[in-house]
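Visitor: Provided below: protein_27.cif, containing mmCIF, C-alpha atoms.
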data_work
loop_
_atom_site.label_atom_id
_atom_site.label_comp_id
_atom_site.auth_asym_id
_atom_site.auth_seq_id
_atom_site.Cartn_x
_atom_site.Cartn_y
_atom_site.Cartn_z
CA MET A 27 0.00 0.00 0.00
CA ALA A 28 1.22 3.46 -0.87
CA ILE A 29 2.86 5.49 1.86
CA THR A 30 0.72 8.56 2.37
CA LYS A 31 2.45 11.95 2.49
CA SER A 32 -0.48 14.32 2.32
CA VAL A 33 -0.88 16.94 5.04
CA ASN A 34 -3.64 19.47 5.58
CA GLY A 35 -1.94 22.60 4.34
CA PRO A 36 1.14 24.83 4.56
CA GLU A 37 0.97 25.09 8.35
CA ALA A 38 1.27 21.34 8.87
CA ALA A 39 3.76 21.09 6.01
CA CYS A 40 6.11 23.60 7.65
CA ASP A 41 6.00 21.95 11.07
CA GLY A 42 9.53 21.76 12.44
CA VAL A 43 11.05 24.60 10.40
CA LYS A 44 13.28 26.51 12.81
CA SER A 45 15.39 29.64 12.75
CA GLY A 46 18.94 29.01 11.57
CA MET A 47 17.98 26.18 9.22
CA THR A 48 19.09 25.70 5.63
CA LEU A 49 16.20 25.67 3.16
CA MET A 50 16.02 24.94 -0.55
CA LEU A 51 13.32 26.63 -2.58
CA GLY A 52 12.53 25.60 -6.15
CA GLY A 53 11.74 27.96 -8.99
CA PHE A 54 13.36 30.03 -11.71
CA GLY A 55 12.56 33.68 -11.29
CA LEU A 56 8.93 33.60 -10.14
CA CYS A 57 8.20 30.53 -12.28
CA GLY A 58 7.51 27.38 -10.27
CA ILE A 59 8.13 28.85 -6.82
CA PRO A 60 6.50 27.36 -3.69
CA GLU A 61 4.24 30.38 -3.10
CA CYS A 62 2.15 28.92 -0.31
CA SER A 63 5.13 27.61 1.68
CA ILE A 64 6.91 30.98 1.38
CA ALA A 65 3.81 32.73 2.71
CA GLU A 66 3.77 30.32 5.65
CA LEU A 67 7.48 30.92 6.37
CA VAL A 68 6.82 34.67 6.42
CA LYS A 69 3.93 34.11 8.83
CA ARG A 70 6.03 31.94 11.13
CA GLY A 71 8.73 34.57 11.37
CA VAL A 72 11.60 32.05 11.38
CA ASP A 73 14.85 33.89 10.71
CA ASP A 74 18.62 33.47 10.38
CA LEU A 75 17.81 31.25 7.41
CA THR A 76 20.20 30.05 4.72
CA CYS A 77 18.20 29.88 1.51
CA ILE A 78 19.34 27.95 -1.54
CA SER A 79 17.39 29.12 -4.57
CA ASN A 80 18.37 30.03 -8.11
CA ASN A 81 16.95 33.53 -7.67
CA ALA A 82 15.82 35.76 -4.83
CA GLY A 83 12.37 36.73 -6.06
CA VAL A 84 11.35 40.33 -6.67
CA ASP A 85 10.87 43.03 -4.04
CA ASP A 86 7.28 42.13 -3.18
CA PHE A 87 6.99 38.47 -4.16
CA GLY A 88 8.73 35.14 -3.81
CA LEU A 89 11.81 35.16 -1.59
CA GLY A 90 11.64 38.97 -1.66
CA LEU A 91 8.94 38.61 1.01
CA LEU A 92 11.38 36.84 3.37
CA LEU A 93 14.11 39.38 2.56
CA GLN A 94 11.80 42.28 3.42
CA LYS A 95 11.29 40.80 6.89
CA ARG A 96 15.06 40.17 7.26
CA GLN A 97 14.46 36.46 7.76
CA ILE A 98 17.33 35.42 5.51
CA ARG A 99 20.94 35.52 6.70
CA LYS A 100 22.53 33.90 3.65
CA MET A 101 21.50 33.30 0.06
CA ILE A 102 23.02 30.71 -2.24
CA SER A 103 21.92 31.59 -5.78
CA SER A 104 23.08 32.02 -9.36
CA TYR A 105 21.26 35.19 -10.35
CA VAL A 106 19.70 37.83 -8.14
CA GLY A 107 19.18 40.69 -10.57
CA GLU A 108 15.55 41.68 -10.13
CA ASN A 109 15.45 42.59 -6.47
CA ASP A 110 16.44 46.07 -5.18
CA GLU A 111 16.10 45.14 -1.49
CA PHE A 112 18.35 42.15 -2.07
CA GLU A 113 20.98 44.32 -3.75
CA ARG A 114 20.80 46.85 -0.91
CA GLN A 115 21.21 44.19 1.82
CA MET A 116 24.05 42.55 -0.09
CA LEU A 117 26.04 45.72 -0.82
CA SER A 118 25.59 46.90 2.80
CA GLY A 119 26.82 43.54 4.10
CA GLU A 120 23.60 42.68 5.98
CA LEU A 121 23.06 39.66 3.77
CA GLU A 122 25.67 37.03 3.04
CA VAL A 123 25.55 35.91 -0.59
CA ASP A 124 27.18 32.98 -2.30
CA LEU A 125 26.80 33.27 -6.07
CA ILE A 126 27.48 30.08 -8.00
CA PRO A 127 27.05 29.09 -11.64
CA GLN A 128 23.54 27.91 -12.42
CA GLY A 129 24.58 24.51 -13.76
CA SER A 130 26.80 23.93 -10.73
CA LEU A 131 23.92 24.89 -8.43
CA ALA A 132 21.60 22.40 -10.14
CA GLU A 133 24.20 19.64 -10.09
CA ARG A 134 25.17 20.33 -6.47
CA CYS A 135 21.54 19.86 -5.44
CA ARG A 136 21.23 16.74 -7.59
CA ALA A 137 24.47 15.36 -6.11
CA GLY A 138 23.23 16.11 -2.58
CA GLY A 139 20.13 14.04 -3.21
CA ALA A 140 21.99 11.31 -5.08
CA GLY A 141 24.63 10.52 -2.47
CA ILE A 142 27.52 12.02 -4.43
CA PRO A 143 29.58 14.23 -2.09
CA ALA A 144 31.39 16.24 -4.77
CA PHE A 145 32.12 16.41 -8.49
CA TYR A 146 34.41 18.17 -10.96
CA THR A 147 33.08 20.72 -13.42
CA PRO A 148 34.74 23.07 -15.91
CA ALA A 149 32.33 25.90 -14.99
CA GLY A 150 34.00 28.74 -13.14
CA PHE A 151 37.60 27.69 -13.70
CA GLY A 152 39.84 30.78 -13.71
CA THR A 153 37.17 32.94 -12.05
CA GLU A 154 36.32 34.04 -8.50
CA VAL A 155 34.14 30.95 -8.22
CA ALA A 156 37.23 28.73 -8.30
CA GLU A 157 38.98 30.48 -5.41
CA GLY A 158 39.94 27.98 -2.71
CA LYS A 159 38.67 25.02 -4.71
CA GLU A 160 40.69 22.04 -5.86
CA VAL A 161 41.61 22.14 -9.56
CA ARG A 162 42.27 18.99 -11.54
CA ASP A 163 42.84 18.33 -15.23
CA PHE A 164 40.73 15.78 -17.09
CA ASN A 165 41.32 15.21 -20.81
CA GLY A 166 43.72 18.14 -20.79
CA LYS A 167 41.14 20.59 -19.46
CA PRO A 168 41.04 22.13 -15.96
CA HIS A 169 38.03 21.44 -13.73
CA ILE A 170 37.11 22.59 -10.23
CA LEU A 171 35.78 20.46 -7.38
CA GLU A 172 32.27 21.43 -6.29
CA SER A 173 30.58 19.93 -3.24
CA ALA A 174 27.04 18.63 -2.89
CA LEU A 175 24.27 20.70 -1.29
CA THR A 176 21.57 19.42 1.04
CA ALA A 177 18.94 21.18 3.13
CA ASP A 178 16.97 20.69 6.33
CA PHE A 179 13.82 21.45 4.35
CA ALA A 180 13.30 21.62 0.59
CA PHE A 181 10.21 23.43 -0.66
CA VAL A 182 9.10 22.58 -4.17
CA LYS A 183 6.11 23.40 -6.31
CA ALA A 184 4.52 21.02 -8.82
CA TRP A 185 1.51 21.13 -11.09
CA LYS A 186 -0.02 17.82 -10.02
CA GLY A 187 0.78 15.36 -7.30
CA ASP A 188 -0.72 12.46 -5.42
CA ALA A 189 -0.76 11.32 -1.80
CA ALA A 190 2.28 9.11 -2.47
CA GLY A 191 4.25 12.28 -3.18
CA ASN A 192 4.62 11.63 -6.90
CA LEU A 193 4.96 14.89 -8.81
CA VAL A 194 4.33 16.18 -12.31
CA PHE A 195 5.55 19.64 -13.26
CA LYS A 196 4.23 21.97 -15.93
CA ALA A 197 6.38 23.46 -18.70
CA THR A 198 9.39 25.46 -17.48
CA ALA A 199 8.03 25.57 -13.93
CA ARG A 200 9.98 22.32 -13.45
CA ASN A 201 13.46 23.92 -13.35
CA PHE A 202 15.19 23.34 -9.96
CA ASN A 203 12.25 21.62 -8.27
CA PRO A 204 13.15 17.97 -9.03
CA MET A 205 16.76 18.25 -7.81
CA MET A 206 15.79 20.17 -4.69
CA ALA A 207 13.12 17.60 -3.92
CA MET A 208 15.90 15.00 -3.88
CA ALA A 209 18.18 17.04 -1.61
CA GLY A 210 15.87 17.92 1.26
CA THR A 211 15.95 16.01 4.56
CA ILE A 212 12.27 16.90 4.65
CA THR A 213 10.86 17.79 1.25
CA VAL A 214 7.59 19.67 1.19
CA ALA A 215 5.77 19.62 -2.14
CA GLU A 216 2.92 21.97 -2.82
CA VAL A 217 0.79 21.27 -5.86
CA GLU A 218 -1.92 23.04 -7.80
CA GLU A 219 -3.91 19.85 -7.92
CA LEU A 220 -3.71 16.88 -5.57
CA VAL A 221 -5.15 14.00 -7.57
CA PRO A 222 -6.34 10.58 -6.34
CA LEU A 223 -3.75 7.78 -6.19
CA GLY A 224 -3.58 5.96 -9.49
CA THR A 225 -4.55 8.99 -11.55
CA LEU A 226 -1.00 9.90 -12.56
CA SER A 227 0.49 7.56 -15.11
CA PRO A 228 3.62 5.91 -13.62
CA ASN A 229 5.17 6.47 -17.07
CA GLU A 230 4.83 10.20 -16.79
CA ILE A 231 5.81 11.07 -13.23
CA HIS A 232 8.75 13.48 -13.06
CA THR A 233 9.64 13.19 -9.37
CA PRO A 234 9.05 9.83 -7.64
CA GLY A 235 7.29 10.15 -4.30
CA ILE A 236 10.21 8.64 -2.39
CA PHE A 237 11.84 12.08 -2.47
CA VAL A 238 8.79 13.82 -0.96
CA GLN A 239 7.90 13.68 2.74
CA ARG A 240 4.89 16.04 2.81
CA ILE A 241 2.48 17.15 0.12
CA PHE A 242 -0.47 19.54 0.06
CA GLN A 243 -2.66 21.32 -2.44
CA GLY A 244 -2.13 25.08 -2.39
CA ALA A 245 -5.27 27.13 -1.80
CA HIS A 246 -4.40 29.82 -4.32
CA TYR A 247 -1.65 30.62 -6.82
CA ASP A 248 -0.75 34.13 -7.96
CA LYS A 249 1.73 32.87 -10.56
CA ARG A 250 3.08 36.30 -11.32
CA ILE A 251 4.78 36.97 -14.64
CA GLU A 252 8.07 38.89 -14.45
CA GLN A 253 8.43 39.86 -18.11
CA ARG A 254 5.16 39.78 -20.00
CA THR A 255 6.25 39.62 -23.65
CA VAL A 256 3.54 39.14 -26.28
CA GLN A 257 2.77 39.67 -29.94
CA THR A 258 -0.19 41.89 -30.64
CA ARG A 259 -3.00 40.22 -32.55
CA MET B 11 27.03 50.90 -38.16
CA LEU B 12 24.61 48.21 -36.97
CA ASP B 13 21.83 48.51 -34.44
CA LYS B 14 20.98 45.64 -32.08
CA ASN B 15 18.81 43.95 -34.68
CA GLY B 16 21.63 44.29 -37.20
CA ILE B 17 24.03 42.51 -34.86
CA ALA B 18 21.45 39.75 -34.38
CA LYS B 19 20.95 39.46 -38.17
CA ARG B 20 24.67 39.04 -38.72
CA ILE B 21 24.92 36.38 -36.02
CA ALA B 22 21.95 34.53 -37.52
CA GLN B 23 24.15 33.97 -40.59
CA GLU B 24 26.47 31.85 -38.40
CA VAL B 25 23.72 29.38 -37.52
CA ARG B 26 23.73 26.10 -39.44
CA GLU B 27 21.03 23.56 -40.25
CA GLY B 28 20.60 20.96 -37.53
CA TRP B 29 22.13 22.99 -34.74
CA TYR B 30 20.89 23.33 -31.18
CA VAL B 31 21.51 26.92 -30.12
CA ASN B 32 21.49 28.64 -26.72
CA LEU B 33 20.77 32.36 -26.86
CA GLY B 34 21.58 34.62 -23.92
CA ILE B 35 19.61 37.59 -22.66
CA GLY B 36 19.53 40.87 -24.62
CA ILE B 37 20.83 41.11 -28.20
CA PRO B 38 21.35 37.30 -28.45
CA THR B 39 17.62 36.71 -27.91
CA LEU B 40 16.93 38.68 -31.11
CA VAL B 41 18.93 36.19 -33.21
CA ALA B 42 15.94 33.83 -33.25
CA ASN B 43 13.98 36.40 -35.26
CA PHE B 44 16.38 36.18 -38.21
CA ILE B 45 16.76 32.45 -38.81
CA PRO B 46 15.72 31.66 -42.40
CA GLU B 47 12.29 30.09 -42.68
CA GLY B 48 12.45 26.32 -43.01
CA MET B 49 15.92 25.96 -41.47
CA GLU B 50 15.93 23.15 -38.90
CA VAL B 51 17.28 24.85 -35.78
CA GLU B 52 16.21 24.37 -32.17
CA PHE B 53 16.63 26.97 -29.44
CA GLN B 54 17.53 25.84 -25.94
CA SER B 55 16.83 28.02 -22.96
CA GLU B 56 18.70 26.93 -19.86
CA ASN B 57 15.72 27.23 -17.53
CA GLY B 58 14.43 24.08 -19.20
CA ILE B 59 13.09 24.13 -22.75
CA LEU B 60 14.28 22.90 -26.10
CA GLY B 61 12.19 24.03 -29.04
CA MET B 62 11.48 27.53 -27.83
CA GLY B 63 9.11 29.50 -30.04
CA PRO B 64 8.22 33.18 -30.38
CA PHE B 65 6.42 35.35 -27.83
CA PRO B 66 2.77 34.30 -27.34
CA MET B 67 -0.15 36.18 -28.82
CA GLU B 68 -1.63 38.66 -26.39
CA GLY B 69 -3.84 36.79 -23.91
CA ASP B 70 -2.12 33.43 -24.46
CA GLU B 71 0.80 34.09 -22.11
CA ASP B 72 1.46 31.38 -19.52
CA ALA B 73 3.31 32.12 -16.26
CA ASP B 74 4.69 28.56 -16.35
CA LEU B 75 6.31 29.00 -19.77
CA ILE B 76 9.23 31.41 -19.81
CA ASN B 77 12.76 31.69 -21.18
CA ALA B 78 15.97 32.33 -19.23
CA GLY B 79 15.27 36.07 -19.46
CA LYS B 80 11.98 35.38 -17.62
CA GLN B 81 10.02 36.46 -20.71
CA THR B 82 6.82 34.66 -21.63
CA ILE B 83 7.38 32.43 -24.68
CA THR B 84 5.75 29.60 -26.61
CA ALA B 85 6.84 26.04 -27.38
CA ARG B 86 7.15 24.79 -30.96
CA PRO B 87 5.84 21.38 -32.08
CA GLY B 88 8.43 18.85 -30.92
CA ALA B 89 9.47 20.96 -27.95
CA VAL B 90 10.46 19.39 -24.65
CA TYR B 91 10.72 20.62 -21.05
CA PHE B 92 13.30 19.39 -18.57
CA ASP B 93 14.85 20.16 -15.20
CA SER B 94 17.87 22.40 -14.62
CA ALA B 95 20.34 19.52 -14.11
CA THR B 96 19.34 17.99 -17.44
CA SER B 97 19.54 21.40 -19.06
CA PHE B 98 23.13 21.91 -17.97
CA ALA B 99 23.98 18.33 -18.93
CA MET B 100 23.07 19.42 -22.47
CA ILE B 101 25.31 22.47 -22.09
CA ARG B 102 28.30 21.00 -20.25
CA GLY B 103 28.07 17.79 -22.23
CA GLN B 104 28.49 19.80 -25.45
CA HIS B 105 25.20 18.75 -26.99
CA VAL B 106 24.49 22.40 -27.85
CA GLN B 107 26.34 23.51 -30.99
CA LEU B 108 26.31 27.28 -30.54
CA THR B 109 26.14 29.68 -27.61
CA VAL B 110 25.49 33.37 -28.19
CA LEU B 111 25.82 35.69 -25.23
CA GLY B 112 26.43 39.31 -24.31
CA ALA B 113 29.49 40.70 -22.54
CA MET B 114 30.73 43.73 -20.67
CA GLU B 115 34.33 43.03 -21.73
CA VAL B 116 36.15 40.61 -24.02
CA ALA B 117 39.93 40.21 -24.05
CA GLN B 118 42.20 39.34 -26.96
CA ASN B 119 42.99 35.95 -25.37
CA GLY B 120 39.30 35.02 -25.41
CA ASP B 121 38.51 35.85 -21.77
CA ILE B 122 35.02 37.20 -21.11
CA ALA B 123 33.54 39.26 -18.25
CA ASN B 124 29.80 39.76 -17.98
CA TRP B 125 28.49 39.15 -14.47
CA LYS B 126 29.79 41.63 -11.93
CA ILE B 127 31.04 45.19 -11.43
CA PRO B 128 32.65 45.12 -7.96
CA GLY B 129 30.90 47.44 -5.49
CA LYS B 130 28.32 48.53 -8.04
CA MET B 131 26.45 45.77 -9.74
CA VAL B 132 26.27 42.15 -8.68
CA LYS B 133 23.49 40.34 -10.43
CA GLY B 134 25.17 36.97 -10.63
CA MET B 135 26.47 34.79 -13.41
CA GLY B 136 23.33 32.74 -13.95
CA GLY B 137 24.22 30.06 -16.48
CA ALA B 138 26.94 32.05 -18.24
CA MET B 139 29.91 30.36 -16.53
CA ASP B 140 28.63 26.88 -17.37
CA LEU B 141 27.93 27.95 -20.95
CA VAL B 142 31.32 29.51 -21.66
CA ALA B 143 33.30 26.79 -19.87
CA SER B 144 31.93 24.06 -22.07
CA ALA B 145 30.69 25.38 -25.41
CA GLU B 146 32.90 24.71 -28.42
CA ASN B 147 31.44 27.59 -30.35
CA ILE B 148 30.84 30.83 -28.50
CA ILE B 149 29.88 34.08 -30.20
CA VAL B 150 29.69 37.28 -28.20
CA ALA B 151 27.09 39.83 -29.28
CA MET B 152 27.73 43.29 -27.93
CA MET B 153 28.27 46.97 -28.68
CA HIS B 154 31.90 47.80 -29.47
CA ALA B 155 32.05 50.45 -26.73
CA ASN B 156 30.34 50.77 -23.34
CA ARG B 157 27.96 53.59 -22.41
CA ALA B 158 30.90 55.74 -21.31
CA GLY B 159 32.40 55.33 -24.78
CA ALA B 160 35.27 53.05 -23.69
CA SER B 161 36.25 50.05 -25.80
CA LYS B 162 34.91 46.67 -24.63
CA LEU B 163 37.56 44.80 -26.65
CA LEU B 164 40.61 44.86 -24.42
CA SER B 165 44.09 43.42 -24.02
CA THR B 166 42.99 42.00 -20.66
CA CYS B 167 39.62 42.16 -18.89
CA SER B 168 39.45 44.52 -15.92
CA LEU B 169 36.21 43.09 -14.50
CA PRO B 170 35.83 39.71 -12.73
CA LEU B 171 35.94 36.96 -15.35
CA THR B 172 33.10 34.72 -16.43
CA GLY B 173 35.38 32.39 -18.37
CA VAL B 174 38.93 32.12 -19.65
CA GLY B 175 40.11 31.78 -23.23
CA CYS B 176 36.73 30.73 -24.52
CA VAL B 177 35.41 33.36 -26.95
CA LYS B 178 36.08 32.59 -30.62
CA ARG B 179 34.12 35.31 -32.39
CA VAL B 180 32.69 38.73 -31.50
CA VAL B 181 30.02 40.56 -33.46
CA THR B 182 29.60 44.23 -32.57
CA ASN B 183 27.82 47.23 -34.04
CA LEU B 184 31.07 47.97 -35.93
CA ALA B 185 32.61 44.65 -36.92
CA VAL B 186 32.99 40.89 -36.89
CA LEU B 187 36.21 39.89 -35.13
CA ASP B 188 37.80 36.50 -34.55
CA ILE B 189 40.00 35.74 -31.57
CA LYS B 190 43.07 33.60 -32.19
CA ASP B 191 46.75 33.55 -31.25
CA GLY B 192 46.17 36.15 -28.53
CA ALA B 193 44.76 38.88 -30.76
CA PHE B 194 41.56 40.18 -32.33
CA HIS B 195 41.43 39.62 -36.09
CA LEU B 196 39.18 41.89 -38.12
CA VAL B 197 36.96 39.73 -40.33
CA GLU B 198 34.24 42.09 -41.57
CA ARG B 199 33.24 45.70 -41.07
CA ALA B 200 29.66 46.86 -40.59
CA PRO B 201 28.03 48.76 -43.47
CA GLY B 202 29.49 52.25 -43.76
CA VAL B 203 32.12 51.69 -41.06
CA THR B 204 35.79 52.30 -41.94
CA VAL B 205 38.68 50.10 -40.88
CA GLU B 206 40.25 53.16 -39.23
CA SER B 207 37.26 53.71 -36.96
CA ILE B 208 37.31 50.05 -35.90
CA VAL B 209 41.03 50.25 -35.13
CA GLU B 210 40.38 53.37 -33.07
CA ALA B 211 37.49 51.74 -31.16
CA THR B 212 39.46 48.57 -30.30
CA ALA B 213 41.73 48.82 -27.24
CA GLY B 214 43.23 45.32 -27.57
CA THR B 215 45.64 44.15 -30.26
CA LEU B 216 43.83 44.10 -33.61
CA ILE B 217 45.21 42.36 -36.68
CA VAL B 218 43.85 43.92 -39.86
CA PRO B 219 44.19 42.00 -43.13
CA ASP B 220 44.80 43.80 -46.45
CA TYR B 221 41.19 43.45 -47.47
CA VAL B 222 38.29 43.71 -45.01
CA PRO B 223 34.92 42.99 -46.64
CA GLU B 224 31.76 44.83 -45.63
CA MET B 225 29.09 42.66 -43.96
CA ARG B 226 26.21 41.60 -46.14
CA ILE B 227 23.06 42.31 -44.19
CA ASP B 228 19.70 42.30 -45.97
#
How does this structure look as structure tokens?
Guide:
Amino acid sequence: MAITKSVNGPEAACDGVKSGMTLMLGGFGLCGIPECSIAELVKRGVDDLTCISNNAGVDDFGLGLLLQKRQIRKMISSYVGENDEFERQMLSGELEVDLIPQGSLAERCRAGGAGIPAFYTPAGFGTEVAEGKEVRDFNGKPHILESALTADFAFVKAWKGDAAGNLVFKATARNFNPMMAMAGTITVAEVEELVPLGTLSPNEIHTPGIFVQRIFQGAHYDKRIEQRTVQTR
Amino acid sequence: MLDKNGIAKRIAQEVREGWYVNLGIGIPTLVANFIPEGMEVEFQSENGILGMGPFPMEGDEDADLINAGKQTITARPGAVYFDSATSFAMIRGQHVQLTVLGAMEVAQNGDIANWKIPGKMVKGMGGAMDLVASAENIIVAMMHANRAGASKLLSTCSLPLTGVGCVKRVVTNLAVLDIKDGAFHLVERAPGVTVESIVEATAGTLIVPDYVPEMRID
């Protein structure tokens, strides 16, 4: 019989999140971010957090909401360009920031979930990113040693999911969510639609439920668009 | 002299049938608009799509379907979505044939800087370091000079590097330049631009052949 992961909502899903913890949060820009879990973290007021997320949201949405309340001590990201408050906190030294190449960030999360402690990559060789890291040549090309990332809690957002924790993502809202789901000690998945067991085709599940400890259906999704680009009819 | 669309048009001429191409944010994104109709080319965006199509018609935009510049896009028939680790496996594993990206500075040894101005601007490198560290074929699309009028083609980069010795070709508003043997080589000049003005606008070592053809841009 399937192991049931479903919880009532974001409050139950965030049970045990404490100040000082390391969290992973899926999403690329505002696409595929765990909106409901972020709102709950803001409400709980946990602080001194280390947040691993590709981006830092915008001033009034996504991780920007946690930054506004000064709940984040350190960010580990690849690109943080669209957030003035973030830039202010970083340049003033209030916020510690570790910027790492996007592919290395994805692979470090994947490695963390896959039991691989470290790996070599060519990305960042000869740059600030390589400072203090072991360099080794493979096939005549220099690579740097990058370590795996894990988190106390990983918060991911999927399109559909079931009580077993199986997840299906929609379009480019998949991004970092599958790797972060793998790397969380406790992975919380929020979904737009929690469907009955057996509804999702086992052939088409993106993230197997083994990586998910808690799942709930979000009550409402804003799904903001950062850059609305269209052709006029 | 070329405008941004002109630079994109010239770069589009570099794209070959059957190539998977990653386009960066800014001028590189425009390259997709100038691929000849019927040419089999697929655009990869590192946030997780292969087979990226044009912007959606007004009202059809989908918050879940964006490119790496966070712009709303569409997916072409045959498109596929994937996670970020798979996306960078395509990039690092050299399954993408061409990378086009912007730069703040390029050096005559092929170094590129495009992610940070210490103390002023720190947006992050995004996927640029992974892209330039692995791609066989990297074209930089940029203006020849920065907003202050200073040359962006230098003997050595002054800003923190994104990658070392990786850029092979630069297309600017003034010229097409190749990088080899530690120098810029002038390949083509933009319509109406003299060799002298390109020499003057290039701070790094520039090798000028006897004959420099003008670009052919329709």
Visitor: Could you list, as a list in words, every residue matched by the PyMOL selection byres ((chain B) within 6 of (chain A)) in this structure?
Guide: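 Selected by the PyMOL selection byres ((chain B) within 6 of (chain A)) here: Asn57, Gly58, Phe65, Pro66, Met67, Glu68, Ala73, Asp74, Leu75, Lys80, Gln81, Thr82, Tyr91, Asp93, Ser94, Ala95, Phe98, Lys133, Gly134, Met135, Gly136, Gly137, Met139, Asp140, Ala143 and Leu171 of chain B.
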Visitor: Find the residue from A:Arg114, A:Glu218, A:Ala140, A:Ala28 that sits nearest to Gly129 of chain B; use only C-alpha atoms when measuring.
Guide: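 Counting only C-alpha atoms, the residue closest to Gly129 of chain B is A:Arg114.
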Visitor: I need the output of the PyMOL selection byres ((chain B and resi 63) around 8) for this file as a PyMOL selection string; which residues are they?
Guide: chain B and resi 53+61-62+64-65+83-86
Visitor: Taking the file above as input, evaluate the PyMOL selection byres ((chain A and resi 97-102) around 10) and report the hits as a PyMOL selection string.
Guide: chain A and resi 45-50+67-68+71-82+89-96+103-106+112+115-116+120-126+131
Visitor: Here is a test: counting all atoms listed in the file, which residue of A:Arg70, A:Asp41, A:Glu61, A:Thr211 is nearest to Phe87 of chain A?
Guide: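 Among A:Arg70, A:Asp41, A:Glu61, A:Thr211, it is A:Glu61 that comes nearest to Phe87 of chain A.
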Visitor: Can you fill out segment 184-189 of chain B with all heavy atoms and hand it back as a PDB file, in the coordinates of the input?
Guide:
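Produced file part-v2.pdb, reproduced below:
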ATOM      1  N   LEU B 184      30.096  47.496 -34.953  1.00  0.00           N
ATOM      2  CA  LEU B 184      31.070  47.970 -35.930  1.00  0.00           C
ATOM      3  C   LEU B 184      31.684  46.867 -36.787  1.00  0.00           C
ATOM      4  O   LEU B 184      32.087  47.132 -37.926  1.00  0.00           O
ATOM      5  CB  LEU B 184      32.225  48.705 -35.208  1.00  0.00           C
ATOM      6  CG  LEU B 184      31.878  49.895 -34.321  1.00  0.00           C
ATOM      7  CD1 LEU B 184      33.165  50.526 -33.781  1.00  0.00           C
ATOM      8  CD2 LEU B 184      31.067  50.937 -35.099  1.00  0.00           C
ATOM      9  N   ALA B 185      31.798  45.644 -36.218  1.00  0.00           N
ATOM     10  CA  ALA B 185      32.610  44.650 -36.920  1.00  0.00           C
ATOM     11  C   ALA B 185      32.357  43.222 -36.469  1.00  0.00           C
ATOM     12  O   ALA B 185      31.749  42.986 -35.429  1.00  0.00           O
ATOM     13  CB  ALA B 185      34.096  44.977 -36.675  1.00  0.00           C
ATOM     14  N   VAL B 186      32.856  42.284 -37.304  1.00  0.00           N
ATOM     15  CA  VAL B 186      32.990  40.890 -36.890  1.00  0.00           C
ATOM     16  C   VAL B 186      34.477  40.660 -36.640  1.00  0.00           C
ATOM     17  O   VAL B 186      35.314  41.016 -37.490  1.00  0.00           O
ATOM     18  CB  VAL B 186      32.511  39.910 -37.992  1.00  0.00           C
ATOM     19  CG1 VAL B 186      32.754  38.461 -37.553  1.00  0.00           C
ATOM     20  CG2 VAL B 186      31.044  40.135 -38.306  1.00  0.00           C
ATOM     21  N   LEU B 187      34.805  40.124 -35.474  1.00  0.00           N
ATOM     22  CA  LEU B 187      36.210  39.890 -35.130  1.00  0.00           C
ATOM     23  C   LEU B 187      36.384  38.463 -34.647  1.00  0.00           C
ATOM     24  O   LEU B 187      35.535  37.948 -33.906  1.00  0.00           O
ATOM     25  CB  LEU B 187      36.654  40.853 -34.015  1.00  0.00           C
ATOM     26  CG  LEU B 187      36.388  42.333 -34.253  1.00  0.00           C
ATOM     27  CD1 LEU B 187      35.165  42.776 -33.454  1.00  0.00           C
ATOM     28  CD2 LEU B 187      37.584  43.173 -33.896  1.00  0.00           C
ATOM     29  N   ASP B 188      37.448  37.819 -35.077  1.00  0.00           N
ATOM     30  CA  ASP B 188      37.800  36.500 -34.550  1.00  0.00           C
ATOM     31  C   ASP B 188      38.901  36.665 -33.516  1.00  0.00           C
ATOM     32  O   ASP B 188      39.675  37.621 -33.584  1.00  0.00           O
ATOM     33  CB  ASP B 188      38.271  35.572 -35.675  1.00  0.00           C
ATOM     34  CG  ASP B 188      37.093  34.971 -36.426  1.00  0.00           C
ATOM     35  OD1 ASP B 188      35.942  35.106 -35.941  1.00  0.00           O
ATOM     36  OD2 ASP B 188      37.307  34.397 -37.505  1.00  0.00           O
ATOM     37  N   ILE B 189      38.937  35.727 -32.567  1.00  0.00           N
ATOM     38  CA  ILE B 189      40.000  35.740 -31.570  1.00  0.00           C
ATOM     39  C   ILE B 189      40.854  34.499 -31.783  1.00  0.00           C
ATOM     40  O   ILE B 189      40.349  33.373 -31.737  1.00  0.00           O
ATOM     41  CB  ILE B 189      39.427  35.759 -30.139  1.00  0.00           C
ATOM     42  CG1 ILE B 189      38.674  37.071 -29.903  1.00  0.00           C
ATOM     43  CG2 ILE B 189      40.537  35.572 -29.115  1.00  0.00           C
ATOM     44  CD1 ILE B 189      37.957  37.139 -28.575  1.00  0.00           C
TER      45      ILE B 189
END
